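A.B. asks: Pasting data_27.txt here (compact mmCIF, C-alpha atoms):
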```txt
# COMPACT_ATOMS: atom_id res chain seq x y z
CA MET A 1 92.46 39.87 12.24
CA LEU A 2 92.98 37.33 15.02
CA LEU A 3 96.14 39.05 16.25
CA GLU A 4 94.40 42.42 16.24
CA LYS A 5 91.56 41.02 18.32
CA ALA A 6 94.02 39.36 20.70
CA SER A 7 95.87 42.65 21.18
CA VAL A 8 92.59 44.34 22.17
CA GLN A 9 91.16 41.75 24.60
CA GLY A 10 94.41 40.07 25.64
CA TYR A 11 93.40 36.55 24.58
CA LEU A 12 91.39 34.64 21.98
CA THR A 13 88.49 32.26 22.49
CA THR A 14 87.64 29.14 20.54
CA ASP A 15 84.66 31.10 19.21
CA ASP A 16 87.08 33.56 17.60
CA LEU A 17 89.08 30.75 16.01
CA PHE A 18 86.03 28.81 14.88
CA GLU A 19 84.65 31.91 13.18
CA CYS A 20 87.84 32.42 11.19
CA TYR A 21 88.59 28.73 10.56
CA PRO A 22 85.24 26.89 10.62
CA ASP A 23 86.65 23.78 8.90
CA ALA A 24 90.00 23.61 10.68
CA ALA A 25 88.86 20.72 12.88
CA GLU A 26 88.66 18.53 9.80
CA ASP A 27 92.46 18.65 9.67
CA ALA A 28 93.91 17.88 13.09
CA GLU A 29 97.40 18.96 12.05
CA ARG A 30 96.18 22.30 10.75
CA LEU A 31 94.26 22.89 13.97
CA SER A 32 97.35 22.17 16.02
CA VAL A 33 99.50 24.44 13.84
CA VAL A 34 97.06 27.34 14.25
CA MET A 35 96.99 26.98 18.02
CA LEU A 36 100.76 26.54 18.31
CA SER A 37 101.38 29.58 16.11
CA LEU A 38 99.19 31.70 18.35
CA ARG A 39 100.84 30.27 21.45
CA SER A 40 104.30 31.09 20.11
CA ARG A 41 103.20 34.71 19.72
CA GLY A 42 102.10 34.83 23.34
CA VAL A 43 98.37 34.64 22.55
CA GLU A 44 96.40 32.49 24.95
CA VAL A 45 93.54 30.51 23.46
CA VAL A 46 90.78 29.78 25.95
CA ASP A 47 87.46 27.99 25.79
CA PRO A 48 84.53 30.16 26.95
CA GLU A 49 82.63 27.01 27.90
CA ALA A 50 85.42 25.60 30.07
CA ASP A 51 87.47 28.70 30.92
CA PRO A 52 85.16 31.59 31.76
CA ALA A 53 88.03 33.41 33.47
CA PRO A 54 90.85 33.61 30.91
CA ALA A 55 93.26 35.36 33.21
CA GLU A 56 93.24 32.43 35.61
CA THR A 57 94.91 29.69 33.61
CA GLY A 58 93.89 26.28 34.87
CA ALA A 59 91.04 27.58 37.01
CA GLY A 60 88.33 27.04 34.46
CA TRP A 61 87.82 23.35 35.32
CA GLU A 62 85.70 24.35 38.33
CA SER A 63 83.56 26.86 36.46
CA TRP A 64 81.42 24.90 34.05
CA ALA A 65 77.73 25.57 34.36
CA PRO A 66 76.01 22.97 36.54
CA VAL A 67 74.04 20.45 34.59
CA GLU A 68 70.85 21.52 36.37
CA GLU A 69 70.86 24.70 34.27
CA VAL A 70 70.23 22.77 31.07
CA PRO A 71 66.67 23.37 29.81
CA GLU A 72 64.71 20.28 30.76
CA ALA A 73 61.92 20.90 28.29
CA ALA A 74 64.08 19.80 25.39
CA ASP A 75 63.54 16.04 25.46
CA GLY A 76 61.77 15.23 28.71
CA ASP A 77 62.93 12.72 31.34
CA SER A 78 65.57 11.16 29.09
CA VAL A 79 67.61 14.36 29.29
CA GLY A 80 67.36 14.43 33.06
CA MET A 81 68.46 10.81 33.32
CA TYR A 82 71.45 11.43 31.08
CA LEU A 83 72.52 14.55 32.97
CA LYS A 84 72.16 12.80 36.30
CA GLU A 85 74.37 9.94 35.17
CA MET A 86 76.88 12.36 33.67
CA SER A 87 77.20 14.36 36.90
CA HIS A 88 78.63 11.35 38.74
CA VAL A 89 81.99 11.81 37.01
CA PRO A 90 83.97 14.69 38.58
CA LEU A 91 85.57 17.38 36.47
CA LEU A 92 89.30 17.24 35.80
CA LYS A 93 92.09 19.61 36.72
CA VAL A 94 94.79 20.46 34.19
CA GLU A 95 97.22 18.04 35.82
CA GLN A 96 94.65 15.24 35.66
CA GLU A 97 94.01 15.90 31.96
CA TYR A 98 97.74 15.73 31.31
CA GLU A 99 98.14 12.47 33.22
CA LEU A 100 95.22 10.80 31.44
CA ALA A 101 96.51 11.94 28.05
CA LEU A 102 99.92 10.41 28.81
CA ARG A 103 98.27 7.12 29.76
CA ILE A 104 96.31 7.12 26.51
CA GLU A 105 99.50 7.76 24.56
CA ASP A 106 101.34 4.95 26.41
CA GLY A 107 98.44 2.62 25.69
CA ARG A 108 98.59 3.38 21.96
CA LYS A 109 102.33 2.75 21.87
CA ALA A 110 101.86 -0.52 23.77
CA ARG A 111 99.15 -1.64 21.35
CA ALA A 112 101.42 -0.87 18.39
CA ALA A 113 104.25 -2.82 20.04
CA LEU A 114 102.00 -5.84 20.56
CA LEU A 115 100.90 -5.78 16.94
CA CYS A 116 104.48 -5.53 15.70
CA ALA A 117 105.70 -8.31 18.01
CA ALA A 118 103.13 -10.81 16.71
CA GLY A 119 103.78 -13.35 19.49
CA ARG A 120 107.55 -12.84 19.75
CA LYS A 121 107.40 -10.95 23.07
CA ARG A 122 108.12 -12.79 26.29
CA THR A 123 105.25 -13.46 28.65
CA LEU A 124 106.22 -10.82 31.20
CA GLU A 125 106.81 -8.16 28.56
CA ARG A 126 103.51 -9.02 26.85
CA ALA A 127 101.68 -8.78 30.18
CA ARG A 128 103.21 -5.36 30.82
CA LEU A 129 102.16 -4.09 27.39
CA GLU A 130 98.66 -5.47 27.78
CA ALA A 131 98.37 -3.72 31.14
CA LEU A 132 99.40 -0.46 29.49
CA VAL A 133 96.79 -1.00 26.77
CA GLN A 134 94.07 -1.58 29.37
CA ALA A 135 95.20 1.48 31.34
CA GLY A 136 95.06 3.55 28.15
CA VAL A 137 91.52 2.37 27.38
CA ALA A 138 90.43 3.19 30.94
CA ALA A 139 92.08 6.64 30.74
CA ARG A 140 90.34 7.31 27.40
CA ASP A 141 86.95 6.43 28.87
CA HIS A 142 87.61 8.59 31.93
CA LEU A 143 88.71 11.58 29.84
CA ILE A 144 85.60 11.30 27.66
CA LYS A 145 83.15 10.93 30.55
CA ALA A 146 84.77 13.77 32.51
CA ASN A 147 84.29 16.13 29.55
CA THR A 148 80.67 15.29 28.69
CA ARG A 149 79.61 18.43 30.57
CA LEU A 150 81.66 20.40 28.06
CA VAL A 151 79.55 18.75 25.33
CA VAL A 152 76.37 19.83 27.09
CA SER A 153 77.66 23.39 27.47
CA VAL A 154 78.35 23.59 23.74
CA ALA A 155 75.11 21.80 22.76
CA LYS A 156 73.03 24.26 24.82
CA ARG A 157 74.02 27.02 22.43
CA TYR A 158 72.32 25.23 19.54
CA ILE A 159 68.97 24.43 21.17
CA GLY A 160 66.08 25.55 18.96
CA HIS A 161 67.91 25.08 15.66
CA GLY A 162 65.80 22.14 14.51
CA VAL A 163 67.67 19.19 16.10
CA PRO A 164 66.57 17.61 19.43
CA PHE A 165 68.80 18.37 22.40
CA LEU A 166 69.77 14.73 22.99
CA ASP A 167 70.77 14.40 19.34
CA LEU A 168 72.98 17.48 19.72
CA ILE A 169 74.63 15.87 22.75
CA GLN A 170 75.14 12.63 20.84
CA GLU A 171 76.80 14.45 17.95
CA GLY A 172 78.93 16.43 20.39
CA ASN A 173 80.04 13.22 22.09
CA LEU A 174 81.22 11.89 18.72
CA GLY A 175 83.29 15.04 18.32
CA LEU A 176 84.66 14.60 21.84
CA MET A 177 85.79 11.06 21.03
CA LYS A 178 87.51 12.33 17.88
CA ALA A 179 89.29 14.97 19.95
CA VAL A 180 90.57 12.29 22.34
CA GLU A 181 91.97 10.31 19.41
CA LYS A 182 93.64 13.35 17.79
CA TYR A 183 94.90 15.17 20.92
CA ASP A 184 98.67 15.50 21.30
CA VAL A 185 99.50 16.17 24.92
CA HIS A 186 103.00 17.46 24.03
CA ARG A 187 101.65 20.43 22.04
CA GLY A 188 101.05 22.35 25.25
CA PHE A 189 97.43 23.45 24.95
CA ARG A 190 94.55 22.28 27.09
CA PHE A 191 92.44 19.34 26.04
CA SER A 192 89.16 21.19 26.67
CA THR A 193 90.19 23.98 24.30
CA TYR A 194 91.13 21.49 21.61
CA ALA A 195 88.01 19.36 22.16
CA THR A 196 85.67 22.32 21.80
CA TRP A 197 86.64 22.63 18.13
CA TRP A 198 85.75 19.02 17.42
CA ILE A 199 82.53 19.18 19.42
CA ARG A 200 81.33 22.30 17.64
CA GLN A 201 82.37 20.91 14.28
CA THR A 202 80.29 17.74 14.64
CA ILE A 203 77.29 19.62 16.05
CA THR A 204 77.28 22.23 13.29
CA ARG A 205 77.58 19.50 10.66
CA SER A 206 74.64 17.72 12.26
CA LEU A 207 72.60 20.91 12.13
CA ALA A 208 73.45 21.37 8.46
CA ASP A 209 72.44 17.78 7.67
CA GLN A 210 69.37 17.30 9.86
CA SER A 211 67.78 20.63 10.78
CA ARG A 212 66.46 21.54 7.33
CA THR A 213 64.15 19.87 4.87
CA ILE A 214 66.42 21.19 2.13
CA ARG A 215 70.03 20.50 3.12
CA LEU A 216 72.50 23.36 2.95
CA PRO A 217 76.28 22.95 2.53
CA VAL A 218 78.21 23.19 5.79
CA HIS A 219 80.04 26.35 4.71
CA MET A 220 76.68 28.01 3.97
CA SER A 221 75.35 27.07 7.42
CA ASP A 222 78.49 28.60 8.96
CA ARG A 223 77.96 31.79 6.95
CA ILE A 224 74.32 31.99 8.06
CA ARG A 225 75.33 31.71 11.72
CA GLN A 226 77.99 34.38 11.17
CA ILE A 227 75.37 36.74 9.72
CA TYR A 228 72.97 35.99 12.59
CA ARG A 229 75.67 36.86 15.13
CA ALA A 230 76.44 40.11 13.31
CA THR A 231 72.71 40.87 13.20
CA ARG A 232 72.38 40.52 16.98
CA ASP A 233 75.45 42.71 17.58
CA LEU A 234 74.20 45.45 15.25
CA GLU A 235 70.70 45.33 16.74
CA GLN A 236 72.18 46.06 20.17
CA ARG A 237 74.28 48.91 18.81
CA LEU A 238 71.72 50.48 16.48
CA GLY A 239 68.54 49.74 18.41
CA ARG A 240 66.89 48.38 15.24
CA ALA A 241 67.23 45.61 12.71
CA PRO A 242 70.25 46.20 10.45
CA THR A 243 69.94 46.45 6.67
CA PRO A 244 71.76 44.03 4.35
CA GLN A 245 74.13 46.88 3.44
CA GLU A 246 75.03 47.41 7.12
CA LEU A 247 75.57 43.67 7.61
CA ALA A 248 77.78 43.57 4.53
CA ALA A 249 79.90 46.44 5.84
CA GLU A 250 80.21 44.76 9.24
CA LEU A 251 81.33 41.42 7.75
CA GLY A 252 83.29 42.75 4.78
CA LEU A 253 81.00 41.01 2.28
CA ASP A 254 79.20 42.09 -0.86
CA PRO A 255 75.62 43.29 -0.08
CA LYS A 256 74.18 41.02 -2.79
CA ARG A 257 75.99 38.07 -1.23
CA VAL A 258 74.44 38.89 2.17
CA GLU A 259 70.97 39.13 0.64
CA TRP A 260 71.47 35.78 -1.08
CA VAL A 261 72.59 34.10 2.16
CA LEU A 262 69.60 35.56 4.02
CA ARG A 263 67.25 34.11 1.41
CA ALA A 264 68.98 30.74 1.72
CA ALA A 265 68.37 30.90 5.49
CA TRP A 266 64.60 30.81 5.05
CA VAL A 267 63.13 27.63 6.53
CA PRO A 268 60.33 25.97 4.51
CA LEU A 269 57.09 25.21 6.33
CA SER A 270 54.78 22.28 5.72
CA LEU A 271 51.31 23.18 4.47
CA GLU A 272 50.05 20.41 6.75
CA SER A 273 51.45 22.05 9.90
CA PRO A 274 48.69 22.26 12.54
CA VAL A 275 47.63 25.76 13.62
CA GLY A 276 45.21 27.16 16.15
CA GLU A 277 44.78 26.52 19.84
CA ASP A 278 43.22 23.10 19.25
CA GLU A 279 45.47 22.40 16.24
CA ASP A 280 42.39 21.35 14.32
CA SER A 281 43.35 23.35 11.22
CA GLU A 282 46.27 23.20 8.83
CA LEU A 283 48.45 26.04 7.56
CA GLY A 284 47.48 25.32 3.96
CA MET A 285 43.86 26.22 4.73
CA PHE A 286 44.84 29.86 5.26
CA ILE A 287 46.99 30.35 2.15
CA GLU A 288 45.30 31.75 -0.93
CA ASP A 289 45.44 29.60 -4.06
CA THR A 290 46.18 32.16 -6.76
CA LEU A 291 45.82 29.52 -9.49
CA SER A 292 42.22 28.62 -8.64
CA PRO A 293 39.22 30.97 -9.07
CA THR A 294 37.88 32.71 -6.02
CA PRO A 295 34.30 32.09 -4.83
CA VAL A 296 33.29 35.42 -6.40
CA GLN A 297 34.83 34.41 -9.72
CA CYS A 298 33.11 31.01 -9.57
CA ALA A 299 29.75 32.69 -8.97
CA TYR A 300 30.42 35.14 -11.80
CA GLN A 301 31.30 32.34 -14.23
CA THR A 302 28.21 30.34 -13.26
CA MET A 303 25.92 33.35 -13.80
CA LEU A 304 27.59 34.12 -17.15
CA LYS A 305 27.13 30.53 -18.31
CA GLU A 306 23.47 30.59 -17.35
CA LYS A 307 22.95 33.89 -19.16
CA ILE A 308 24.69 32.58 -22.33
CA GLU A 309 22.43 29.52 -22.25
CA GLU A 310 19.44 31.79 -21.90
CA VAL A 311 20.48 33.94 -24.87
CA LEU A 312 21.35 30.92 -27.03
CA GLY A 313 17.87 29.62 -26.31
CA THR A 314 16.46 32.48 -28.38
CA LEU A 315 18.28 31.18 -31.48
CA THR A 316 17.36 28.20 -33.62
CA ALA A 317 18.69 24.83 -32.52
CA ARG A 318 21.07 24.66 -35.50
CA GLU A 319 22.42 28.20 -34.94
CA ALA A 320 23.00 27.53 -31.23
CA ARG A 321 24.71 24.22 -32.01
CA VAL A 322 27.05 25.85 -34.56
CA LEU A 323 28.07 28.55 -32.06
CA ARG A 324 28.66 25.96 -29.32
CA LEU A 325 31.01 23.99 -31.59
CA ARG A 326 32.81 27.00 -33.07
CA PHE A 327 33.50 28.68 -29.67
CA GLY A 328 33.85 25.58 -27.47
CA LEU A 329 30.94 26.43 -25.19
CA ASP A 330 30.28 22.78 -24.33
CA ASP A 331 33.64 21.08 -23.66
CA GLY A 332 36.14 23.88 -24.28
CA ASN A 333 37.23 22.42 -27.64
CA THR A 334 36.78 24.68 -30.67
CA TYR A 335 36.13 23.29 -34.16
CA THR A 336 36.96 24.63 -37.62
CA LEU A 337 34.33 25.43 -40.24
CA GLU A 338 35.17 22.21 -42.08
CA GLU A 339 34.86 20.09 -38.90
CA VAL A 340 31.50 21.62 -38.06
CA GLY A 341 30.36 21.14 -41.66
CA GLU A 342 31.20 17.45 -41.47
CA LYS A 343 29.04 17.09 -38.35
CA PHE A 344 26.07 18.74 -40.07
CA GLY A 345 26.71 17.35 -43.54
CA LEU A 346 27.03 20.88 -44.92
CA THR A 347 29.72 22.78 -46.77
CA ARG A 348 32.26 25.02 -45.09
CA GLU A 349 30.70 28.10 -46.68
CA ARG A 350 27.22 27.20 -45.46
CA ILE A 351 28.43 26.84 -41.88
CA ARG A 352 30.12 30.24 -42.14
CA GLN A 353 26.80 31.77 -43.25
CA ILE A 354 24.90 30.16 -40.36
CA GLU A 355 27.52 31.39 -37.88
CA GLY A 356 27.40 34.93 -39.27
CA LYS A 357 23.63 35.04 -39.09
CA ALA A 358 23.64 33.75 -35.50
CA LEU A 359 26.20 36.35 -34.38
CA ARG A 360 24.19 39.16 -36.00
CA ARG A 361 21.12 38.04 -34.10
CA LEU A 362 23.11 38.02 -30.84
CA ARG A 363 24.19 41.62 -31.48
CA HIS A 364 20.58 42.74 -31.39
CA PRO A 365 20.11 45.15 -28.47
CA LEU A 366 17.54 42.89 -26.81
CA ARG A 367 20.11 40.09 -26.56
CA SER A 368 23.45 41.96 -26.32
CA ARG A 369 22.20 44.10 -23.43
CA GLN A 370 21.91 40.99 -21.26
CA LEU A 371 25.58 40.05 -21.83
CA LYS A 372 27.21 43.52 -21.66
CA GLU A 373 27.15 43.58 -17.84
CA TYR A 374 29.57 40.61 -17.83
CA LEU A 375 32.15 42.30 -20.09
```
Represent the structure of the file as structure tokens.
C.D. replies:
Amino acid sequence: MLLEKASVQGYLTTDDLFECYPDAAEDAERLSVVMLSLRSRGVEVVDPEADPAPAETGAGWESWAPVEEVPEAADGDSVGMYLKEMSHVPLLKVEQEYELALRIEDGRKARAALLCAAGRKRTLERARLEALVQAGVAARDHLIKANTRLVVSVAKRYIGHGVPFLDLIQEGNLGLMKAVEKYDVHRGFRFSTYATWWIRQTITRSLADQSRTIRLPVHMSDRIRQIYRATRDLEQRLGRAPTPQELAAELGLDPKRVEWVLRAAWVPLSLESPVGEDEDSELGMFIEDTLSPTPVQCAYQTMLKEKIEEVLGTLTAREARVLRLRFGLDDGNTYTLEEVGEKFGLTRERIRQIEGKALRRLRHPLRSRQLKEYL
């Protein structure tokens, strides 16, 4: 599928690769193999955040969106302060990336040599290795700071997904630092292209972990984003919202699977969420409680209880008491003939006779007519 897409548009973007291999960044070797395999077939892999003009290899370093375009409403002044500090570090050209990566590699080798020597190196040689280590650390810091705008460009795409903008940047920076540690300058692909995978991986994992009250697995979050992208594409083509069957055909999935993923994408809301212009009400106030009686039902039950009391008042005290115990009219607990007989000191048969007589009296038209309207 990737080769077919490359043959149509002439190149592939990191978005294309991330969609097909969402977890590839977890395995640095696998990521490198995928990119090298494509490169060997003459397929150029570009980063849409850093290389908006794929045909101009190496020209993308000048084309990142200026930091002023980042929405400032996300986290207030703290975002502006961070972006201002970040803009002081100039962007890198391809040659500069390559040079810094070589310094980082030399610094790692020098550190390994110092550890292996364990004090056996001569003073001059040790000083040279220590200088290489320091140069590697400085090059690492420079490469990270110079690519923080790439982190912002990627993080902007995930604003509004439930995680604050600064937190997205922080997660992206962690991915950038991982990319610096894993990058192999001799593989031949650009650092920004490689780093985008790591940045997106850490951000999407952060969204999966933090954006929902009920955590979803990372692969499910990736599938949800894939369905959302397909939904937007189909809406533009069809001029309406696509059906689950149309989404399934577009993605090559089972329709039931698509419906299940869409249900999993629902975001729970708190019943205590404020609503209204003054936010003086809560969402739970406007949701019907189907388990509790409505005001009409409460009024109906109160009137029925009053009417039953009125009708029972026409019976003798003993008859009314027997019916209350037998049908649980007082506390909701019903009693057997034997239990009622024990309370009155009468036999089971005598209680049955009293109950029968009381019910016959209630069936008299003068009394039953008053209760029929509640049936």
A.B. asks: Find, counting only C-alpha atoms, the residue in A:Ile159, A:Ile227, A:Leu271, A:Ile199 that gets nearest to Pro255 (chain A).
C.D. replies: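 Closest candidate: A:Ile227.
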A.B. asks: Distance CA of Arg263 (chain A)-CA of Ser281 (chain A), one decimal place?
C.D. replies: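 Those two atoms sit 28.0 Å apart.
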A.B. asks: In Å, how far is it from CA of Gly284 (chain A) to CA of His161 (chain A)?
C.D. replies: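 Interatomic distance here is 23.5 Å.
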A.B. asks: If I take CA of Val94 (chain A) and CA of Glu130 (chain A), how far is one from the other in Å, to one decimal?
C.D. replies: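 That distance, rounded to one decimal, is 27.0 Å.
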A.B. asks: Measuring atom to atom with only C-alpha atoms, identify which of A:Leu143, A:Gln370, A:Ala179, A:Ala138 is nearest to Glu306 (chain A).
C.D. replies: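 That would be A:Gln370, the residue with the smallest distance to Glu306 (chain A).
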A.B. asks: Nearest to Arg103 (chain A) among A:Leu262, A:Val43, A:Ala317, A:Val185, with distances taken over all atoms listed in the file: which residue is it?
C.D. replies: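 When distances to Arg103 (chain A) are compared using all atoms listed in the file, the smallest one comes from A:Val185.
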A.B. asks: Identify, on the basis of only C-alpha atoms, every residue whose closest approach to Val311 (chain A) does not exceed 10 Å; exclude the query and any residue fewer than 5 positions from it along the same chain; express the result as a list in words.
C.D. replies: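 Here the qualifying residues turn out to be Lys305, Glu306, Ala320, Leu362, Leu366, Arg367, Ser368, Gln370 and Leu371 of chain A.
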A.B. asks: Have a look at A:Lys357, A:Arg229, A:Arg157, A:Lys109 and name the one nearest to Pro242 (chain A); count all atoms listed in the file.
C.D. replies: A:Arg229
A.B. asks: Emit region 285-367 of chain A of the structure in the block as a file comprising C-alpha atoms, as a compact mmCIF listing (two decimals), in the first residue's frame.
C.D. replies:
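New file selection_36.txt:
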```
# COMPACT_ATOMS: atom_id res chain seq x y z
CA MET A 285 -29.82 18.75 36.93
CA PHE A 286 -31.08 18.40 33.35
CA ILE A 287 -30.91 14.61 33.04
CA GLU A 288 -34.06 12.66 33.82
CA ASP A 289 -33.79 10.07 36.58
CA THR A 290 -35.73 7.15 35.14
CA LEU A 291 -35.41 5.19 38.39
CA SER A 292 -37.18 7.79 40.53
CA PRO A 293 -40.89 8.70 40.25
CA THR A 294 -41.80 11.85 38.41
CA PRO A 295 -43.61 14.71 40.21
CA VAL A 296 -46.87 13.56 38.57
CA GLN A 297 -46.33 10.01 39.82
CA CYS A 298 -45.52 11.29 43.32
CA ALA A 299 -48.74 13.32 43.38
CA TYR A 300 -50.70 10.33 42.09
CA GLN A 301 -49.28 8.04 44.78
CA THR A 302 -49.99 10.58 47.52
CA MET A 303 -53.62 10.98 46.39
CA LEU A 304 -54.05 7.20 46.16
CA LYS A 305 -52.68 6.73 49.68
CA GLU A 306 -55.03 9.37 51.04
CA LYS A 307 -58.00 7.77 49.28
CA ILE A 308 -57.09 4.29 50.63
CA GLU A 309 -56.89 5.74 54.14
CA GLU A 310 -60.27 7.33 53.63
CA VAL A 311 -61.85 4.06 52.46
CA LEU A 312 -60.20 2.02 55.24
CA GLY A 313 -61.70 4.48 57.69
CA THR A 314 -65.15 3.14 56.80
CA LEU A 315 -64.16 -0.33 58.08
CA THR A 316 -63.83 -1.46 61.66
CA ALA A 317 -60.49 -0.88 63.34
CA ARG A 318 -59.72 -4.62 63.39
CA GLU A 319 -60.63 -5.11 59.71
CA ALA A 320 -58.50 -2.13 58.66
CA ARG A 321 -55.59 -3.36 60.76
CA VAL A 322 -55.76 -6.87 59.24
CA LEU A 323 -55.72 -5.45 55.70
CA ARG A 324 -52.79 -3.14 56.52
CA LEU A 325 -50.73 -6.10 57.78
CA ARG A 326 -51.73 -8.53 55.02
CA PHE A 327 -51.02 -6.08 52.14
CA GLY A 328 -48.14 -4.08 53.68
CA LEU A 329 -49.95 -0.75 53.58
CA ASP A 330 -47.96 0.64 56.52
CA ASP A 331 -44.29 -0.30 56.03
CA GLY A 332 -44.35 -2.31 52.81
CA ASN A 333 -43.90 -5.63 54.65
CA THR A 334 -46.63 -8.23 54.13
CA TYR A 335 -47.52 -10.80 56.80
CA THR A 336 -48.95 -14.32 56.55
CA LEU A 337 -52.26 -15.35 58.11
CA GLU A 338 -50.40 -17.08 60.93
CA GLU A 339 -48.23 -13.99 61.66
CA VAL A 340 -51.28 -11.73 61.74
CA GLY A 341 -53.10 -14.24 63.95
CA GLU A 342 -50.24 -14.17 66.44
CA LYS A 343 -50.49 -10.38 66.66
CA PHE A 344 -54.23 -10.53 67.37
CA GLY A 345 -54.18 -13.73 69.41
CA LEU A 346 -56.52 -15.39 66.92
CA THR A 347 -56.35 -18.48 64.75
CA ARG A 348 -55.24 -18.48 61.14
CA GLU A 349 -58.75 -19.35 59.99
CA ARG A 350 -60.30 -16.50 61.95
CA ILE A 351 -57.94 -13.97 60.39
CA ARG A 352 -58.82 -15.32 56.93
CA GLN A 353 -62.53 -14.78 57.69
CA ILE A 354 -61.93 -11.20 58.87
CA GLU A 355 -59.86 -10.45 55.74
CA GLY A 356 -62.53 -11.91 53.46
CA LYS A 357 -65.27 -9.89 55.12
CA ALA A 358 -63.22 -6.68 54.87
CA LEU A 359 -62.51 -7.21 51.16
CA ARG A 360 -66.20 -7.86 50.44
CA ARG A 361 -67.08 -4.59 52.14
CA LEU A 362 -64.48 -2.76 50.04
CA ARG A 363 -66.04 -4.16 46.86
CA HIS A 364 -69.29 -2.39 47.66
CA PRO A 365 -70.01 0.16 44.92
CA LEU A 366 -69.95 3.06 47.38
CA ARG A 367 -66.35 2.25 48.30
```
